[in-house]
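Asker: Sharing a structure, written as structure tokens. Questions coming.
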Amino acid sequence: MPKTKVFLVDDHAIVRAGYRQVLDGQPDLQVVAEAKNGEAAVKAFAKLAPDVTVMDLGMPGIGGLEAIRRIISRRPEARILALSMHEHVAFVGQALVAGARGFVSKASETDSFSKP
């Protein structure tokens, strides 16, 4: 069975490394690429065609919300999981309106990423 290709987008290298470790530990997931900002994410997304993108919302430049909007405008079926240190319902709502399929707080336990 093919692995689900995951694209990680976060401006902190140490955070990406941590998520990579958690996700690569899942037998059916494979992190195929990383980006450190929204601009790079939008450019790379078209080339990568990942199955799932994990997108930080708070990044320099266009940021995660705008990157989600731009990706969804080109590929509405894209599956993007928004990620943020902000847990307020307004951030969740903005991410979902932009086109994210879900939201995970950076305060979540690592088992939030694994299947039950």
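Within each chain, counting starts at residue 1; across the structure tokens, chains are named A, B, ... in the order shown, with ligands numbered 1 upward in that order.
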Going by DSSP on the backbone, which bits of chain A are strand (DSSP E)? Write them as a list in words, please.

Answerer: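 The strand (DSSP E) residues within chain A come out as Thr4, Lys5, Val6, Phe7, Leu8, Val9, Leu29, Gln30, Val31, Val32, Ala33, Glu34, Ala35, Val52, Thr53, Val54, Met55, Asp56, Ile80, Leu81, Ala82, Leu83, Ser84, Gly102, Phe103, Val104 and Ser105 of chain A.
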
Asker: Just write the chosen residues, C-alpha atoms, as a PDB file, in the first residue's frame.

Answerer:
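File produced: again_25.pdb:
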ATOM      1  CA  THR A   4       0.473   9.127   2.317  1.00  0.00           C
ATOM      2  CA  LYS A   5       2.814  11.922   1.166  1.00  0.00           C
ATOM      3  CA  VAL A   6       3.027  14.744   3.719  1.00  0.00           C
ATOM      4  CA  PHE A   7       4.373  18.268   3.109  1.00  0.00           C
ATOM      5  CA  LEU A   8       5.450  20.187   6.251  1.00  0.00           C
ATOM      6  CA  VAL A   9       5.363  23.992   6.331  1.00  0.00           C
ATOM      7  CA  LEU A  29       3.003   8.296   6.276  1.00  0.00           C
ATOM      8  CA  GLN A  30       6.060   9.775   4.563  1.00  0.00           C
ATOM      9  CA  VAL A  31       7.236  13.376   4.832  1.00  0.00           C
ATOM     10  CA  VAL A  32       8.236  14.231   1.257  1.00  0.00           C
ATOM     11  CA  ALA A  33       9.240  17.889   1.665  1.00  0.00           C
ATOM     12  CA  GLU A  34       9.433  20.891   3.946  1.00  0.00           C
ATOM     13  CA  ALA A  35       9.076  24.654   3.462  1.00  0.00           C
ATOM     14  CA  VAL A  52      -1.609  16.211   2.896  1.00  0.00           C
ATOM     15  CA  THR A  53      -0.007  19.537   3.807  1.00  0.00           C
ATOM     16  CA  VAL A  54       0.551  20.512   7.444  1.00  0.00           C
ATOM     17  CA  MET A  55       0.645  24.329   7.395  1.00  0.00           C
ATOM     18  CA  ASP A  56       1.673  26.640  10.227  1.00  0.00           C
ATOM     19  CA  ILE A  80      -4.416  21.040   4.267  1.00  0.00           C
ATOM     20  CA  LEU A  81      -4.190  20.722   8.032  1.00  0.00           C
ATOM     21  CA  ALA A  82      -3.690  24.094   9.722  1.00  0.00           C
ATOM     22  CA  LEU A  83      -1.317  24.239  12.650  1.00  0.00           C
ATOM     23  CA  SER A  84      -0.959  27.078  15.140  1.00  0.00           C
ATOM     24  CA  GLY A 102      -8.739  20.676   9.931  1.00  0.00           C
ATOM     25  CA  PHE A 103      -6.842  22.441  12.699  1.00  0.00           C
ATOM     26  CA  VAL A 104      -4.286  21.214  15.232  1.00  0.00           C
ATOM     27  CA  SER A 105      -2.910  23.276  18.091  1.00  0.00           C
TER      28      SER A 105
END

Asker: Give me the residues within 10 Å of segment 61-75 of chain A as JSON, numbers by chain, counting only C-alpha atoms and dropping any in the same chain fewer than 2 places off.

Answerer: {"A": [9, 10, 11, 37, 38, 39, 40, 41, 42, 43, 45, 46, 49, 53, 54, 55, 56, 57, 58, 59, 77, 78, 79, 80, 81, 82, 83, 84, 91, 94, 95, 96, 97, 98, 99, 100]}

Asker: So how far away is atom CA of Ala44 of chain A from atom CA of Val92 of chain A, in Å?

Answerer: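 Separation between atom CA of Val92 of chain A and atom CA of Ala44 of chain A: 24.4 Å.
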
Asker: Would you work out the distance separating atom CA of Arg101 of chain A from atom CA of Leu23 of chain A, expressed in Å to one decimal?

Answerer: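 Here the two named atoms are 18.0 Å from each other.
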
Asker: Suppose you want the space between atom CA of Lys36 of chain A and atom CA of Lys106 of chain A; what is it in Å?

Answerer: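 Distance reported for this atom pair: 16.3 Å.
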
Asker: List every residue of chain A that DSSP, applied to the backbone, labels as helix (DSSP H, G or I), and write the result as a count of residues only.

Answerer: 48

Asker: I need the residue nearest Gln26 of chain A from this list: A:Lys3, A:Gly93, A:Pro60, A:Ala13. Use only C-alpha atoms for the distance.

Answerer: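 Closest candidate: A:Lys3.
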